[in-house]
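Student: Coordinates in input.tsv, TSV, C-alpha atoms, are listed below.
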```tsv
chain	number	residue	atom	x	y	z
A	29	MET	CA	24.66	-2.62	18.46
A	30	GLY	CA	25.74	-5.53	16.27
A	31	ARG	CA	24.14	-6.60	13.05
A	32	LYS	CA	21.19	-8.94	13.10
A	33	SER	CA	18.53	-9.93	10.61
A	34	HIS	CA	14.89	-9.37	11.33
A	35	PRO	CA	11.70	-8.79	9.32
A	36	VAL	CA	10.50	-5.29	8.56
A	37	ARG	CA	7.55	-4.29	10.75
A	38	LEU	CA	4.63	-2.87	8.82
A	39	PRO	CA	1.59	-0.97	10.11
A	40	ALA	CA	-1.52	-3.02	10.73
A	41	ALA	CA	-3.39	-1.06	8.09
A	42	LEU	CA	-1.23	-2.68	5.43
A	43	THR	CA	-1.78	-6.29	6.38
A	44	THR	CA	-4.17	-6.85	3.46
A	45	ALA	CA	-1.80	-5.35	0.92
A	46	ALA	CA	0.54	-7.41	-1.20
A	47	VAL	CA	3.86	-6.64	0.46
A	48	LEU	CA	7.26	-8.24	0.61
A	49	LEU	CA	8.99	-8.54	3.97
A	50	LEU	CA	12.72	-8.31	3.44
A	51	ALA	CA	15.38	-9.23	5.97
A	52	ALA	CA	17.17	-6.07	7.08
A	53	ALA	CA	20.36	-5.21	8.91
A	54	CYS	CA	20.44	-3.00	11.99
A	55	GLY	CA	23.23	-0.49	11.38
A	56	SER	CA	25.76	0.82	13.85
A	57	PRO	CA	28.71	3.20	13.70
A	58	GLY	CA	31.77	1.53	12.30
A	59	THR	CA	29.99	-1.15	10.26
A	60	ALA	CA	30.54	0.91	7.11
A	61	GLY	CA	34.25	0.34	7.46
A	62	SER	CA	33.78	-3.30	6.45
A	63	GLY	CA	32.53	-2.41	2.97
A	64	THR	CA	34.99	-3.47	0.29
A	65	GLY	CA	32.90	-3.26	-2.88
A	66	GLY	CA	34.00	-0.91	-5.65
A	67	GLY	CA	37.80	-1.06	-5.25
A	68	THR	CA	39.56	2.09	-4.08
A	69	GLU	CA	38.00	4.82	-6.21
A	70	PRO	CA	36.29	7.64	-4.27
A	71	ILE	CA	32.58	7.53	-3.55
A	72	LYS	CA	31.21	10.76	-5.03
A	73	VAL	CA	28.10	12.20	-3.38
A	74	GLY	CA	26.35	15.28	-4.76
A	75	LEU	CA	24.32	17.37	-2.30
A	76	VAL	CA	21.93	19.62	-4.21
A	77	TYR	CA	20.15	21.74	-1.62
A	78	SER	CA	19.08	25.24	-0.56
A	79	LYS	CA	22.31	26.85	0.56
A	80	SER	CA	20.65	30.18	-0.26
A	81	GLY	CA	17.08	31.30	-0.92
A	82	PRO	CA	13.94	31.17	1.25
A	83	LEU	CA	14.80	27.76	2.75
A	84	ALA	CA	18.47	28.48	3.43
A	85	SER	CA	18.06	27.97	7.19
A	86	TYR	CA	16.64	24.50	6.51
A	87	GLY	CA	19.50	23.75	4.15
A	88	LYS	CA	22.09	24.78	6.72
A	89	GLN	CA	20.61	22.41	9.30
A	90	TYR	CA	20.54	19.60	6.76
A	91	VAL	CA	24.19	19.98	5.74
A	92	GLU	CA	25.40	20.23	9.33
A	93	GLY	CA	23.50	17.04	10.09
A	94	PHE	CA	24.87	15.32	6.99
A	95	GLN	CA	28.47	16.01	7.93
A	96	ALA	CA	27.84	14.75	11.46
A	97	GLY	CA	26.12	11.64	10.10
A	98	LEU	CA	28.96	10.90	7.71
A	99	ASP	CA	31.44	11.13	10.56
A	100	TYR	CA	29.27	8.87	12.73
A	101	ALA	CA	28.52	6.23	10.11
A	102	THR	CA	32.18	5.89	9.08
A	103	ASN	CA	33.60	6.05	12.62
A	104	GLY	CA	35.31	9.33	11.84
A	105	SER	CA	37.20	8.07	8.80
A	106	LYS	CA	34.97	9.48	6.02
A	107	LYS	CA	35.82	6.21	4.27
A	108	ILE	CA	34.02	3.00	3.38
A	109	GLY	CA	36.69	0.35	3.30
A	110	ASP	CA	39.49	1.89	1.24
A	111	ARG	CA	37.18	4.33	-0.52
A	112	THR	CA	37.03	7.98	0.51
A	113	VAL	CA	33.62	9.66	0.51
A	114	GLU	CA	33.86	12.89	-1.48
A	115	VAL	CA	30.91	15.27	-0.98
A	116	THR	CA	30.19	18.05	-3.47
A	117	GLU	CA	27.67	20.72	-2.42
A	118	VAL	CA	25.63	22.60	-5.04
A	119	ASP	CA	23.23	25.43	-4.21
A	120	ASP	CA	19.85	25.21	-5.95
A	121	ALA	CA	18.48	28.26	-4.06
A	122	GLY	CA	15.15	26.42	-3.90
A	123	ASP	CA	14.75	26.65	-7.69
A	124	PRO	CA	13.74	23.35	-9.34
A	125	ALA	CA	15.31	24.37	-12.66
A	126	LYS	CA	18.67	25.00	-10.98
A	127	ALA	CA	18.39	21.71	-9.11
A	128	VAL	CA	17.68	19.74	-12.28
A	129	SER	CA	20.61	21.41	-14.05
A	130	ALA	CA	22.91	20.62	-11.12
A	131	ALA	CA	21.71	17.02	-10.94
A	132	LYS	CA	22.33	16.49	-14.65
A	133	ASP	CA	25.78	18.06	-14.36
A	134	LEU	CA	26.77	15.81	-11.46
A	135	ILE	CA	25.43	12.71	-13.20
A	136	GLY	CA	27.40	13.68	-16.30
A	137	LYS	CA	30.54	13.78	-14.16
A	138	GLY	CA	29.94	10.23	-12.99
A	139	TYR	CA	28.16	10.75	-9.68
A	140	LYS	CA	26.01	7.76	-8.74
A	141	ILE	CA	24.58	9.25	-5.53
A	142	LEU	CA	22.54	12.45	-5.15
A	143	ALA	CA	20.99	13.87	-1.99
A	144	GLY	CA	19.59	17.13	-0.66
A	145	SER	CA	16.27	18.53	-1.85
A	146	THR	CA	15.31	20.98	0.86
A	147	SER	CA	12.25	21.99	-1.20
A	148	SER	CA	9.39	19.71	-2.21
A	149	GLY	CA	9.26	21.39	-5.61
A	150	VAL	CA	12.90	20.48	-6.13
A	151	ALA	CA	12.50	16.87	-4.97
A	152	THR	CA	9.69	16.12	-7.39
A	153	GLN	CA	11.79	17.42	-10.29
A	154	VAL	CA	15.05	15.69	-9.36
A	155	ALA	CA	13.45	12.28	-8.76
A	156	PRO	CA	12.61	11.69	-12.46
A	157	ILE	CA	16.17	12.63	-13.42
A	158	ALA	CA	17.50	10.04	-10.98
A	159	GLU	CA	15.12	7.43	-12.36
A	160	GLN	CA	16.02	8.14	-15.98
A	161	ASN	CA	19.74	7.92	-15.25
A	162	LYS	CA	19.53	5.10	-12.71
A	163	VAL	CA	21.37	6.87	-9.90
A	164	LEU	CA	20.55	6.75	-6.19
A	165	PHE	CA	18.62	9.78	-4.96
A	166	VAL	CA	18.02	10.36	-1.23
A	167	SER	CA	15.68	13.34	-0.83
A	168	GLY	CA	16.04	15.50	2.30
A	169	PRO	CA	13.64	17.76	4.24
A	170	ALA	CA	11.16	17.91	1.31
A	171	ALA	CA	7.90	16.69	2.88
A	172	THR	CA	5.69	16.14	-0.15
A	173	ASP	CA	4.11	12.69	-0.21
A	174	ALA	CA	4.93	12.51	-3.92
A	175	VAL	CA	8.54	11.54	-3.16
A	176	THR	CA	7.34	8.24	-1.66
A	177	GLY	CA	6.81	5.82	-4.53
A	178	ALA	CA	8.49	8.19	-6.99
A	179	GLY	CA	10.63	5.41	-8.40
A	180	THR	CA	13.06	2.58	-7.89
A	181	TYR	CA	16.06	4.81	-7.21
A	182	THR	CA	14.34	7.45	-5.05
A	183	PHE	CA	14.38	7.40	-1.25
A	184	ARG	CA	13.87	9.99	1.49
A	185	SER	CA	15.70	10.81	4.72
A	186	GLY	CA	12.95	12.95	6.26
A	187	ARG	CA	9.30	12.57	7.11
A	188	GLN	CA	6.40	13.15	4.72
A	189	THR	CA	3.18	15.14	4.98
A	190	ALA	CA	1.01	12.11	5.74
A	191	GLN	CA	3.10	11.41	8.85
A	192	ASP	CA	2.56	15.01	9.98
A	193	ILE	CA	-1.19	14.71	9.49
A	194	ASN	CA	-1.41	11.34	11.25
A	195	THR	CA	0.46	12.85	14.19
A	196	ALA	CA	-2.04	15.72	14.34
A	197	ALA	CA	-4.95	13.30	14.20
A	198	ALA	CA	-3.56	11.36	17.16
A	199	PHE	CA	-4.61	14.27	19.40
A	200	ILE	CA	-8.25	13.22	18.92
A	201	GLY	CA	-7.86	9.46	18.47
A	202	ASP	CA	-10.17	7.70	16.03
A	203	VAL	CA	-11.20	10.30	13.43
A	204	GLN	CA	-14.17	8.37	12.08
A	205	GLY	CA	-17.10	10.82	11.98
A	206	LYS	CA	-15.03	13.62	13.56
A	207	LYS	CA	-15.06	17.15	12.13
A	208	VAL	CA	-11.66	18.47	11.09
A	209	VAL	CA	-11.35	22.09	9.93
A	210	VAL	CA	-8.22	23.16	8.07
A	211	PHE	CA	-7.48	26.80	8.92
A	212	ALA	CA	-5.07	28.13	6.31
A	213	GLN	CA	-4.26	30.90	3.89
A	214	ASP	CA	-6.02	30.81	0.53
A	215	SER	CA	-2.83	30.07	-1.37
A	216	ALA	CA	-1.16	27.11	-3.04
A	217	PHE	CA	0.35	26.23	0.34
A	218	GLY	CA	-2.98	26.41	2.14
A	219	GLN	CA	-4.88	24.50	-0.52
A	220	ALA	CA	-2.21	21.80	-0.53
A	221	ASN	CA	-2.75	21.35	3.20
A	222	VAL	CA	-6.50	21.06	2.73
A	223	ALA	CA	-5.95	18.43	0.04
A	224	GLY	CA	-3.47	16.57	2.24
A	225	VAL	CA	-5.75	16.44	5.27
A	226	GLN	CA	-8.66	15.35	3.07
A	227	ALA	CA	-6.57	12.61	1.48
A	228	VAL	CA	-5.26	11.23	4.78
A	229	LEU	CA	-8.04	11.83	7.31
A	230	GLY	CA	-10.95	11.93	4.87
A	231	ALA	CA	-9.97	8.41	3.85
A	232	LYS	CA	-10.31	7.40	7.51
A	233	GLY	CA	-13.83	8.77	7.80
A	234	ALA	CA	-13.22	12.32	9.05
A	235	LYS	CA	-15.39	15.19	7.83
A	236	VAL	CA	-12.82	17.64	6.50
A	237	GLU	CA	-13.74	21.28	5.85
A	238	PRO	CA	-11.52	24.17	4.72
A	239	LEU	CA	-11.53	27.60	6.34
A	240	LEU	CA	-9.35	29.60	3.98
A	241	VAL	CA	-8.21	33.14	4.78
A	242	PRO	CA	-7.33	35.58	1.96
A	243	ALA	CA	-3.56	35.93	1.71
A	244	SER	CA	-3.97	39.72	1.83
A	245	ALA	CA	-5.88	39.69	5.15
A	246	THR	CA	-4.49	41.64	8.09
A	247	ASP	CA	-7.52	41.51	10.41
A	248	PHE	CA	-8.05	37.92	11.48
A	249	THR	CA	-10.84	38.45	14.00
A	250	PRO	CA	-13.69	37.45	11.64
A	251	PHE	CA	-11.88	34.28	10.61
A	252	ALA	CA	-11.04	33.38	14.19
A	253	THR	CA	-14.74	33.80	15.02
A	254	GLN	CA	-15.63	31.43	12.20
A	255	ALA	CA	-13.11	28.94	13.50
A	256	LYS	CA	-14.75	28.99	16.92
A	257	GLU	CA	-18.26	28.72	15.51
A	258	ALA	CA	-17.25	25.75	13.35
A	259	LYS	CA	-17.19	23.60	16.53
A	260	ALA	CA	-14.59	21.29	15.06
A	261	ASP	CA	-13.16	18.32	16.90
A	262	LEU	CA	-9.79	19.36	15.48
A	263	LEU	CA	-8.64	22.68	14.03
A	264	PHE	CA	-5.60	21.99	11.85
A	265	VAL	CA	-3.69	25.24	11.33
A	266	ALA	CA	-1.36	25.57	8.32
A	267	TRP	CA	0.19	29.04	8.17
A	268	ALA	CA	3.29	30.64	6.68
A	269	GLY	CA	4.66	34.16	6.62
A	270	THR	CA	4.89	37.31	8.69
A	271	THR	CA	1.22	37.45	9.72
A	272	ALA	CA	1.49	34.38	11.92
A	273	GLN	CA	1.69	36.21	15.23
A	274	ALA	CA	-1.37	38.36	14.46
A	275	MET	CA	-3.30	35.25	13.41
A	276	TRP	CA	-2.44	33.34	16.60
A	277	THR	CA	-3.32	36.38	18.72
A	278	ALA	CA	-6.74	36.55	17.07
A	279	LEU	CA	-7.42	32.86	17.72
A	280	GLY	CA	-6.61	33.44	21.39
A	281	GLN	CA	-8.72	36.58	21.71
A	282	GLN	CA	-11.77	34.87	20.19
A	283	GLY	CA	-11.58	31.89	22.52
A	284	VAL	CA	-10.82	29.30	19.85
A	285	PHE	CA	-8.52	27.32	22.17
A	286	ASP	CA	-11.37	26.88	24.64
A	287	ALA	CA	-13.70	25.61	21.92
A	288	THR	CA	-11.61	23.04	20.06
A	289	ILE	CA	-8.29	21.22	19.93
A	290	VAL	CA	-5.89	23.35	17.89
A	291	VAL	CA	-2.94	21.62	16.23
A	292	THR	CA	-0.15	22.90	14.00
A	293	GLY	CA	3.34	21.84	12.98
A	294	LEU	CA	6.32	22.87	15.11
A	295	ASP	CA	8.75	24.73	12.87
A	296	ILE	CA	12.38	25.73	13.47
A	297	THR	CA	13.33	27.24	16.83
A	298	ALA	CA	13.53	30.80	15.48
A	299	THR	CA	9.75	30.79	14.83
A	300	TRP	CA	8.66	29.80	18.34
A	301	PRO	CA	8.34	33.35	19.77
A	302	ALA	CA	5.70	34.15	17.09
A	303	TYR	CA	3.05	32.25	19.07
A	304	GLY	CA	3.17	34.92	21.73
A	305	PRO	CA	0.85	34.52	24.72
A	306	VAL	CA	-0.98	31.51	23.22
A	307	ALA	CA	2.18	29.39	22.85
A	308	ASP	CA	1.26	27.09	25.72
A	309	LYS	CA	-2.27	26.57	24.34
A	310	VAL	CA	-1.25	25.21	20.95
A	311	ASN	CA	-0.82	21.48	20.41
A	312	PHE	CA	2.12	20.75	18.15
A	313	LEU	CA	2.83	17.88	15.84
A	314	SER	CA	6.58	17.62	15.62
A	315	HIS	CA	8.93	15.95	13.19
A	316	TYR	CA	11.88	16.74	15.45
A	317	PHE	CA	13.46	19.34	17.73
A	318	ALA	CA	16.70	19.32	19.69
A	319	ASP	CA	16.81	16.67	22.45
A	320	ALA	CA	13.33	15.35	21.59
A	321	ALA	CA	14.32	11.73	21.06
A	322	GLY	CA	16.60	10.84	23.94
A	323	THR	CA	18.51	8.25	21.89
A	324	ASP	CA	22.22	7.43	21.83
A	325	VAL	CA	22.30	8.31	18.13
A	326	GLU	CA	20.79	11.72	18.86
A	327	LYS	CA	23.47	12.31	21.50
A	328	ALA	CA	26.17	11.39	18.98
A	329	MET	CA	24.69	13.76	16.40
A	330	THR	CA	24.41	16.63	18.88
A	331	GLU	CA	28.00	16.23	20.04
A	332	ARG	CA	29.31	16.33	16.49
A	333	VAL	CA	27.17	19.22	15.29
A	334	THR	CA	27.93	21.31	18.37
A	335	LYS	CA	31.66	20.60	18.16
A	336	ALA	CA	31.62	21.83	14.54
A	337	GLY	CA	29.95	25.09	15.61
A	338	GLY	CA	26.42	24.23	14.47
A	339	THR	CA	23.08	24.06	16.25
A	340	VAL	CA	20.67	21.12	16.23
A	341	ASP	CA	17.22	22.01	14.93
A	342	LEU	CA	14.27	20.70	12.94
A	343	PHE	CA	16.11	19.29	9.91
A	344	THR	CA	19.51	18.40	11.36
A	345	GLY	CA	18.38	14.81	11.74
A	346	ASP	CA	17.32	14.59	8.09
A	347	GLY	CA	20.89	15.27	7.01
A	348	PHE	CA	22.27	12.82	9.56
A	349	THR	CA	19.87	10.12	8.39
A	350	ALA	CA	20.76	10.75	4.74
A	351	ALA	CA	24.42	10.11	5.53
A	352	GLN	CA	23.56	6.88	7.37
A	353	MET	CA	21.54	5.69	4.37
A	354	ILE	CA	24.19	6.62	1.82
A	355	VAL	CA	27.02	4.97	3.75
A	356	HIS	CA	24.96	1.80	4.10
A	357	ALA	CA	24.12	1.80	0.39
A	358	ALA	CA	27.67	2.53	-0.74
A	359	GLU	CA	28.97	-0.49	1.15
A	360	LYS	CA	27.65	-2.45	-1.83
A	361	GLY	CA	29.99	-0.70	-4.25
A	362	ASN	CA	29.28	1.78	-7.02
A	363	ASP	CA	26.28	-0.02	-8.55
A	364	PRO	CA	23.04	1.92	-7.89
A	365	ASP	CA	20.96	-1.24	-8.34
A	366	ALA	CA	22.89	-2.91	-5.52
A	367	MET	CA	22.49	0.25	-3.43
A	368	VAL	CA	18.73	0.24	-3.96
A	369	LYS	CA	18.51	-3.41	-2.98
A	370	SER	CA	20.45	-2.76	0.22
A	371	LEU	CA	18.24	0.16	1.27
A	372	ALA	CA	14.81	-1.29	0.43
A	373	GLY	CA	13.57	-2.85	3.67
A	374	TRP	CA	16.55	-1.71	5.74
A	375	SER	CA	15.96	-1.08	9.46
A	376	PHE	CA	18.43	0.92	11.53
A	377	ASP	CA	18.87	3.01	14.66
A	378	GLY	CA	18.37	6.66	13.75
A	379	VAL	CA	18.34	9.96	15.59
A	380	LYS	CA	14.63	9.59	16.44
A	381	GLY	CA	14.78	5.87	17.21
A	382	ALA	CA	14.01	2.80	15.12
A	383	MET	CA	13.70	3.63	11.41
A	384	THR	CA	12.67	1.43	8.48
A	385	VAL	CA	12.79	2.04	4.75
A	386	ARG	CA	9.56	0.41	3.62
A	387	ALA	CA	10.48	-1.97	0.83
A	388	GLU	CA	7.55	-1.50	-1.52
A	389	ASP	CA	7.49	2.30	-1.81
A	390	HIS	CA	10.58	3.56	0.09
A	391	ALA	CA	8.58	5.48	2.70
A	392	LEU	CA	10.78	6.14	5.73
A	393	LEU	CA	8.85	4.77	8.70
A	394	GLN	CA	9.88	6.70	11.81
A	395	PRO	CA	8.64	7.94	15.17
A	396	MET	CA	6.94	11.34	15.43
A	397	PHE	CA	6.26	13.60	18.39
A	398	GLN	CA	3.47	15.56	20.01
A	399	ALA	CA	4.89	18.62	21.73
A	400	LYS	CA	4.17	21.71	23.81
A	401	LEU	CA	5.91	25.07	24.10
A	402	THR	CA	6.51	26.61	27.51
A	403	GLY	CA	8.51	29.55	28.82
A	404	GLY	CA	6.71	32.68	27.64
A	405	ALA	CA	8.67	35.11	25.43
A	406	THR	CA	11.54	32.65	24.94
A	407	PRO	CA	9.73	29.33	24.57
A	408	THR	CA	11.25	25.91	24.97
A	409	ALA	CA	9.78	22.70	23.56
A	410	GLU	CA	8.98	19.54	25.45
A	411	VAL	CA	7.71	16.18	24.27
A	412	VAL	CA	4.14	15.33	25.25
A	413	LYS	CA	4.17	11.94	23.55
A	414	LYS	CA	6.42	10.00	21.21
A	415	LEU	CA	4.43	8.10	18.61
A	416	ASP	CA	5.81	4.85	17.23
A	417	ALA	CA	6.54	4.64	13.53
A	418	ASP	CA	3.64	2.27	12.88
A	419	ALA	CA	1.16	4.61	14.54
A	420	VAL	CA	1.82	7.40	12.04
A	421	ALA	CA	2.85	5.40	8.97
A	422	PRO	CA	1.60	6.72	5.62
A	423	ALA	CA	-0.61	4.56	3.44
A	424	ALA	CA	1.39	2.55	0.92
A	425	ALA	CA	2.03	4.34	-2.36
A	426	ALA	CA	2.14	2.74	-5.77
A	427	GLN	CA	5.76	2.60	-6.88
A	428	LYS	CA	6.35	4.21	-10.26
```
Represent the structure from my file as structure tokens, please.
Tutor:
Amino acid sequence: MGRKSHPVRLPAALTTAAVLLLAAACGSPGTAGSGTGGGTEPIKVGLVYSKSGPLASYGKQYVEGFQAGLDYATNGSKKIGDRTVEVTEVDDAGDPAKAVSAAKDLIGKGYKILAGSTSSGVATQVAPIAEQNKVLFVSGPAATDAVTGAGTYTFRSGRQTAQDINTAAAFIGDVQGKKVVVFAQDSAFGQANVAGVQAVLGAKGAKVEPLLVPASATDFTPFATQAKEAKADLLFVAWAGTTAQAMWTALGQQGVFDATIVVTGLDITATWPAYGPVADKVNFLSHYFADAAGTDVEKAMTERVTKAGGTVDLFTGDGFTAAQMIVHAAEKGNDPDAMVKSLAGWSFDGVKGAMTVRAEDHALLQPMFQAKLTGGATPTAEVVKKLDADAVAPAAAAQK
């Protein structure tokens, strides 16, 4: 697709806000080759991500996607004009302190572009470093809403929590006056989900209530009974860890799926068997899974990742998108201010479809999916509905 200028489309909910509509270019493979800014010196990109640690599987998907995206966006040359893109990978193991140290080290060596951030805790610590040093930072799979609006130089290549929650809410339509129960572990993770649902859906008029389960619990029958008796319009399940299968089994045994609409996030493929016999009863909000989008860009990503020996999964697209964004930005040379200007308001064809970097807070507006699992012991995912970017867009954040 050739380049053309067009205004950024914003969700209807933002029409009363003071926003700036910037003309944006629609990217395509090969257009990066026309960039001539910055002479012939290499473009140094530092990827600080979870190569090891609890999120290593996410990190692997991200890096495989990034390499595929770099190949795609540069038409296989790994160059922008006469400048070679040099990528340095640093393992933060999911530790914010290690990530900050790595970011400072790379900046000290002259790197003007940082990416990665598998973990939300890492992203929120690296963003201030990027702002202080005025270098471009493109966060990765980290979903925390705090990355949006984190600063002039901070962007994201993945979705954010508010987009997850808006996708879940779409299962029941208008949430005004509806009862939403958040079923989660009584932990920082669970409480963060309660706060997120309250912030997003509570603001739209939903009645949000927590149903928190002690992290030490092994018998989930009483809590499943409470979930059924709550008579919620939507039961939003946020769960992590090895007790997931026992929890889902209890919800099924107590008839929760017959009493309310149950929604949770679709994680990486390896977790799908944990739903057991209730897999086909759960409604899933989905950021992405292999072959979900049906786009030409997705096909190009899949071909490249597969050829390199990788497997497309939940966060492969985040890496691919990061590479698209970085190549586009680096066409402007080695000046981070010029890079920021080129990305703010940019619309392009991504793995999931039409994507837009919202100019005022750098939210990445993108389609999301509602999905189902089928196939018993070895489930496969299928799209129930693809939601347009505007339908799940997060509320505008104040830019720091």
Student: Between CA of Met329 in chain A and CA of Tyr139 in chain A, what is the distance, to one decimal in Å?
Tutor: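 Interatomic distance, CA of Met329 in chain A to CA of Tyr139 in chain A: 26.5 Å.
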Student: What does the distance from CA of Asp214 in chain A to CA of Gln188 in chain A come to in Å, to one decimal?
Tutor: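 Here the two named atoms are 22.0 Å from each other.
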Student: Enter the distance from CA of Ala391 in chain A to CA of Phe183 in chain A, in Å, rounded to one decimal.
Tutor: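 Between CA of Ala391 in chain A and CA of Phe183 in chain A the gap is 7.3 Å.
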Student: Using only C-alpha atoms for the distances, tell me which of A:Ser105, A:Asn221, A:Gln394, A:Thr297 is nearest to Trp267 in chain A.
Tutor: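 Of the candidates, the smallest distance to Trp267 in chain A is held by A:Asn221.
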Student: May I have a table of the residues of range 51-137 of chain A lying at most 7 Å from range 332-335 of chain A, giving each one's closest pair of atoms and their distance in Å to one decimal, counting all atoms listed in the file, ordered by chain and ascending residue number, as a tab-separated table?
Tutor:
```
residue	atom	partner	partner_atom	distance
A:Glu92	CA	A:Val333	CA	6.3
A:Gly93	CA	A:Val333	CA	6.7
A:Ala96	CA	A:Arg332	CA	5.5
```
Student: Go ahead and save the picked residues with C-alpha atoms, as a short mmCIF file (atom, residue, chain, number, x, y, z; two decimals), in the coordinates of the input.
Tutor:
```
data_model
loop_
_atom_site.label_atom_id
_atom_site.label_comp_id
_atom_site.auth_asym_id
_atom_site.auth_seq_id
_atom_site.Cartn_x
_atom_site.Cartn_y
_atom_site.Cartn_z
CA GLU A 92 25.40 20.23 9.33
CA GLY A 93 23.50 17.04 10.09
CA ALA A 96 27.84 14.75 11.46
#
```
Student: Let me make sure I understand: among A:Ala399, A:Ala197, A:Val175, A:Val128, which one has the smallest atom-to-atom distance to Val236 in chain A if we use only C-alpha atoms?
Tutor: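 Of A:Ala399, A:Ala197, A:Val175, A:Val128, the one nearest Val236 in chain A is A:Ala197, counting only C-alpha atoms.
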Student: Using all atoms listed in the file for the distances, tell me which of A:Val113, A:Ala101, A:Ala223, A:Val310 is nearest to Ile289 in chain A.
Tutor: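 Under the stated criterion, the closest residue is A:Val310.
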Student: Looking at all atoms listed in the file, which of A:Gln153, A:Ser314, A:Gln398, A:Ser145 is the one that sits closest to Val166 in chain A?
Tutor: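 Smallest distance to Val166 in chain A is found for A:Ser145.
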Student: Which residue, A:Glu331, A:Asp363, A:Asp173, A:Asp133, has the smallest gap to Pro422 in chain A when you use only C-alpha atoms?
Tutor: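 Checking each candidate against Pro422 in chain A, we get A:Asp173 as the closest.
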Student: Which neighbours of Thr406 in chain A fall inside 10 Å, counting all atoms listed in the file, when residues of the same chain fewer than 6 positions from it are skipped, and could you give them as a PyMOL selection string?
Tutor: chain A and resi 297-298+300-302+304
Student: For a quick check of understanding, using only C-alpha atoms, which of A:Arg184, A:His315, A:Lys162, A:Arg111 has the smallest distance to Ser148 in chain A?
Tutor: A:Arg184
Student: Applying 12 Å and only C-alpha atoms, which residues near Thr270 in chain A remain after dropping the ones on its own chain fewer than 3 positions away? List them as an mmCIF file with C-alpha atoms, keeping the file's coordinate frame.
Tutor:
```
data_model
loop_
_atom_site.group_PDB
_atom_site.id
_atom_site.type_symbol
_atom_site.label_atom_id
_atom_site.label_comp_id
_atom_site.auth_asym_id
_atom_site.auth_seq_id
_atom_site.Cartn_x
_atom_site.Cartn_y
_atom_site.Cartn_z
ATOM 1 C CA ALA A 243 -3.560 35.930 1.710
ATOM 2 C CA SER A 244 -3.970 39.720 1.830
ATOM 3 C CA ALA A 245 -5.880 39.690 5.150
ATOM 4 C CA THR A 246 -4.490 41.640 8.090
ATOM 5 C CA TRP A 267 0.190 29.040 8.170
ATOM 6 C CA GLN A 273 1.690 36.210 15.230
ATOM 7 C CA ALA A 274 -1.370 38.360 14.460
ATOM 8 C CA MET A 275 -3.300 35.250 13.410
ATOM 9 C CA TRP A 276 -2.440 33.340 16.600
ATOM 10 C CA THR A 299 9.750 30.790 14.830
ATOM 11 C CA ALA A 302 5.700 34.150 17.090
ATOM 12 C CA TYR A 303 3.050 32.250 19.070
#
```
Student: So which residues touch Ser370 in chain A within 12 Å, counting all atoms listed in the file, skipping near sequence neighbours fewer than 2 positions away, as JSON, numbers by chain?
Tutor: {"A": [50, 51, 52, 53, 54, 55, 164, 181, 183, 353, 354, 355, 356, 357, 358, 359, 360, 361, 363, 364, 365, 366, 367, 368, 372, 373, 374, 375, 385, 386, 387, 390]}
Student: For Val290 in chain A, please output as a PyMOL selection string all residues within 12 Å (counting all atoms listed in the file; exclusion window: fewer than 2 positions along the same chain).
Tutor: chain A and resi 196-197+199-200+208-211+252+255-256+259-266+276+279-280+283-288+292-293+306-313+400
Student: Would you kindly return, as number ranges by chain, each protein, DNA or RNA residue with an atom no farther than 7 Å from any atom of Val76 in chain A, considering only C-alpha atoms and excluding same-chain residues fewer than 3 positions away?
Tutor: A: 117-120, 127, 143-145
